[in-house]
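The structure appears right after this line, and notes come after that.
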Amino acid sequence: MARRTKEEAQETRSRIIDAAEQVFHEKGVAHASLEEIAVAAQVTRGAIYWHFKDKAELFDAMMQRVVLPVQDMLESTGCCAEANPLELLRRATIDVLLRTARDPRTQRVFDIAYHKCEYVGDAAAVRERHVESQQECTKTIEAGFRACVAAGQLPASVNPREAAIGTLSFVSGLIASWVLAPKSFSLERHAESLVNTFFRGLAAVAKPASPAPKRSKTHAKTLARR
């Protein structure tokens with residue numbers, strides 16, 4: 001009986017998140033009310049508060065259903081010394097884009113996050129959740145790039161932190177552009193070549209040029225007389 005109750009609670013939680021995704025997508029996060037989400041989920045507002053503290057926590061749960069599988073893939077880049085961290089990181093980045101192109105739920109969630117999320121009113125706390133999620137993702141990607149540098153797969157001149165920020169910005173910008181206008185280009189068709197181009201750029205990072213040696217005053221005078 002207890003197991004059945006737990007399963008029912010999980011089913012209700014999932015239904016609430018599904019309803020939130022639907023209402024957020026239709027109305028935007030700031031304009032969506034918990035009452036509207038409760039109606040869509042066919043539960044009471046009390047049921048929502050049983051599972052979620054507020055709208056921000058509900059938004060976070062919606063995002064985690066998409067973000068967590070991605071983080072699992074990225075974290076594999078730094079957990080195995082025998083693995084090829086650069087290839088794992090490249091493959092995980094491609095998979096993020098392909099999953100977005102192929103999965104309607106992922107498309108909706110990213111559309112909400114990038115285009116239907118105003119940080120005002122009772123949605124202001126959503127910003128903190130969004131920032132925390134980005135910071136965690138950046139740390140995970142950074143760890144992957146550290147593994148790549150340590151394995152000699154990227155030049156030592158590559159800054160893992162900067163590479164992680166660049167990768168997240170590249171992927172986020174690409175997804176934001178695509179979900180805004182999906183017919184403008186085929187994300188599924190171009191995902192791999194776009195990522196390969198980005199990673200080739202990282203691999204081609206040159207070591208900073210050594211500063212020119214300082215010339216003595218005597219040498220400078222000699223040149224001036226010539």
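Scheme for the structure tokens: letters A, B, ... for chains in order shown; per-chain residue numbers from 1; ligand numbers from 1 in order shown.
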If you run DSSP over the backbone, which residues in region 7-219 of chain A end up helix (DSSP H, G or I)? Put them as a VMD selection string. chain A and resid 7 to 27 34 to 41 45 to 51 55 to 75 85 to 102 104 to 115 121 to 150 160 to 180 182 to 184 187 to 203 217 to 219
Residues near Asn159 (chain A), cut-off 9 Å, only C-alpha atoms, skip fewer than 4 positions along chain, as a list of chain:residue names: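 Final neighbour list, sorted by chain and number: A:Glu142, A:Phe145, A:Arg146, A:Val149, A:Ala163, A:Ala164.
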Here is a test: counting only C-alpha atoms, which residue of A:Val29, A:Met62, A:Ala176, A:Ile112 is nearest to Ile16 (chain A)?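 Using only C-alpha atoms, the shortest distance to Ile16 (chain A) belongs to A:Met62.
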Excluding Leu187 (chain A) and its own-chain neighbours fewer than 3 positions away, which residues fall within 8 Å of it when counting only C-alpha atoms? Please give them as an MDAnalysis selection string. chainID A and resid 97:98 101 178 182 190:191
If we count only C-alpha atoms, what is near Ser177 (chain A) at a cut-off of 12 Å, once residues fewer than 4 positions away on the same chain are taken out, given as a list in words?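 Counting only C-alpha atoms, the residues come to Leu97, Gln107, Phe110, Asp111, Tyr114, His115, Ser169, Phe170, Val171, Ser172, Gly173, Ala181, Pro182, Lys183, Ser184, Phe185, Ser186 and Leu187 of chain A.
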Would you output that residue set with N, CA, C and O atoms, as a PDB file, in the first residue's frame?
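In the end it all went to result-v2.pdb:
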ATOM      1  N   LEU A  97      22.323  19.160 -28.922  1.00  0.00           N
ATOM      2  CA  LEU A  97      21.675  19.807 -30.067  1.00  0.00           C
ATOM      3  C   LEU A  97      20.721  18.848 -30.779  1.00  0.00           C
ATOM      4  O   LEU A  97      19.605  19.234 -31.160  1.00  0.00           O
ATOM      5  N   GLN A 107      12.401  20.923 -26.854  1.00  0.00           N
ATOM      6  CA  GLN A 107      12.176  22.164 -27.613  1.00  0.00           C
ATOM      7  C   GLN A 107      11.306  23.130 -26.818  1.00  0.00           C
ATOM      8  O   GLN A 107      11.607  24.328 -26.731  1.00  0.00           O
ATOM      9  N   PHE A 110      13.210  24.604 -23.694  1.00  0.00           N
ATOM     10  CA  PHE A 110      14.200  25.622 -24.067  1.00  0.00           C
ATOM     11  C   PHE A 110      13.513  26.884 -24.611  1.00  0.00           C
ATOM     12  O   PHE A 110      13.997  27.992 -24.409  1.00  0.00           O
ATOM     13  N   ASP A 111      12.397  26.715 -25.300  1.00  0.00           N
ATOM     14  CA  ASP A 111      11.647  27.870 -25.787  1.00  0.00           C
ATOM     15  C   ASP A 111      11.138  28.692 -24.605  1.00  0.00           C
ATOM     16  O   ASP A 111      11.185  29.931 -24.616  1.00  0.00           O
ATOM     17  N   TYR A 114      14.297  30.442 -22.875  1.00  0.00           N
ATOM     18  CA  TYR A 114      14.954  31.517 -23.621  1.00  0.00           C
ATOM     19  C   TYR A 114      14.016  32.623 -24.080  1.00  0.00           C
ATOM     20  O   TYR A 114      14.450  33.764 -24.259  1.00  0.00           O
ATOM     21  N   HIS A 115      12.739  32.305 -24.280  1.00  0.00           N
ATOM     22  CA  HIS A 115      11.857  33.294 -24.901  1.00  0.00           C
ATOM     23  C   HIS A 115      10.572  33.598 -24.126  1.00  0.00           C
ATOM     24  O   HIS A 115       9.877  34.549 -24.474  1.00  0.00           O
ATOM     25  N   SER A 169      27.906  29.250 -24.168  1.00  0.00           N
ATOM     26  CA  SER A 169      27.347  30.376 -24.929  1.00  0.00           C
ATOM     27  C   SER A 169      27.036  29.953 -26.365  1.00  0.00           C
ATOM     28  O   SER A 169      26.004  30.334 -26.932  1.00  0.00           O
ATOM     29  N   PHE A 170      27.934  29.170 -26.956  1.00  0.00           N
ATOM     30  CA  PHE A 170      27.739  28.671 -28.318  1.00  0.00           C
ATOM     31  C   PHE A 170      26.480  27.816 -28.404  1.00  0.00           C
ATOM     32  O   PHE A 170      25.619  28.030 -29.276  1.00  0.00           O
ATOM     33  N   VAL A 171      26.346  26.862 -27.496  1.00  0.00           N
ATOM     34  CA  VAL A 171      25.197  25.954 -27.521  1.00  0.00           C
ATOM     35  C   VAL A 171      23.909  26.700 -27.185  1.00  0.00           C
ATOM     36  O   VAL A 171      22.884  26.538 -27.860  1.00  0.00           O
ATOM     37  N   SER A 172      23.948  27.533 -26.138  1.00  0.00           N
ATOM     38  CA  SER A 172      22.756  28.270 -25.730  1.00  0.00           C
ATOM     39  C   SER A 172      22.276  29.201 -26.837  1.00  0.00           C
ATOM     40  O   SER A 172      21.076  29.275 -27.132  1.00  0.00           O
ATOM     41  N   GLY A 173      23.217  29.913 -27.449  1.00  0.00           N
ATOM     42  CA  GLY A 173      22.854  30.826 -28.517  1.00  0.00           C
ATOM     43  C   GLY A 173      22.276  30.106 -29.718  1.00  0.00           C
ATOM     44  O   GLY A 173      21.309  30.564 -30.335  1.00  0.00           O
ATOM     45  N   ALA A 181      13.154  30.318 -34.421  1.00  0.00           N
ATOM     46  CA  ALA A 181      12.795  30.196 -35.840  1.00  0.00           C
ATOM     47  C   ALA A 181      13.285  28.853 -36.372  1.00  0.00           C
ATOM     48  O   ALA A 181      14.299  28.785 -37.069  1.00  0.00           O
ATOM     49  N   PRO A 182      12.601  27.756 -36.046  1.00  0.00           N
ATOM     50  CA  PRO A 182      13.062  26.414 -36.420  1.00  0.00           C
ATOM     51  C   PRO A 182      13.196  26.181 -37.917  1.00  0.00           C
ATOM     52  O   PRO A 182      13.946  25.304 -38.345  1.00  0.00           O
ATOM     53  N   LYS A 183      12.458  26.949 -38.720  1.00  0.00           N
ATOM     54  CA  LYS A 183      12.504  26.751 -40.166  1.00  0.00           C
ATOM     55  C   LYS A 183      13.670  27.499 -40.823  1.00  0.00           C
ATOM     56  O   LYS A 183      13.894  27.356 -42.028  1.00  0.00           O
ATOM     57  N   SER A 184      14.389  28.281 -40.020  1.00  0.00           N
ATOM     58  CA  SER A 184      15.489  29.067 -40.596  1.00  0.00           C
ATOM     59  C   SER A 184      16.673  28.189 -40.986  1.00  0.00           C
ATOM     60  O   SER A 184      17.424  28.514 -41.904  1.00  0.00           O
ATOM     61  N   PHE A 185      16.857  27.076 -40.283  1.00  0.00           N
ATOM     62  CA  PHE A 185      17.903  26.112 -40.649  1.00  0.00           C
ATOM     63  C   PHE A 185      17.610  24.792 -39.947  1.00  0.00           C
ATOM     64  O   PHE A 185      16.828  24.745 -38.985  1.00  0.00           O
ATOM     65  N   SER A 186      18.214  23.728 -40.437  1.00  0.00           N
ATOM     66  CA  SER A 186      18.003  22.406 -39.837  1.00  0.00           C
ATOM     67  C   SER A 186      19.048  22.161 -38.758  1.00  0.00           C
ATOM     68  O   SER A 186      20.222  21.922 -39.066  1.00  0.00           O
ATOM     69  N   LEU A 187      18.619  22.232 -37.511  1.00  0.00           N
ATOM     70  CA  LEU A 187      19.547  21.984 -36.411  1.00  0.00           C
ATOM     71  C   LEU A 187      20.036  20.539 -36.433  1.00  0.00           C
ATOM     72  O   LEU A 187      21.215  20.273 -36.178  1.00  0.00           O
TER      73      LEU A 187
END
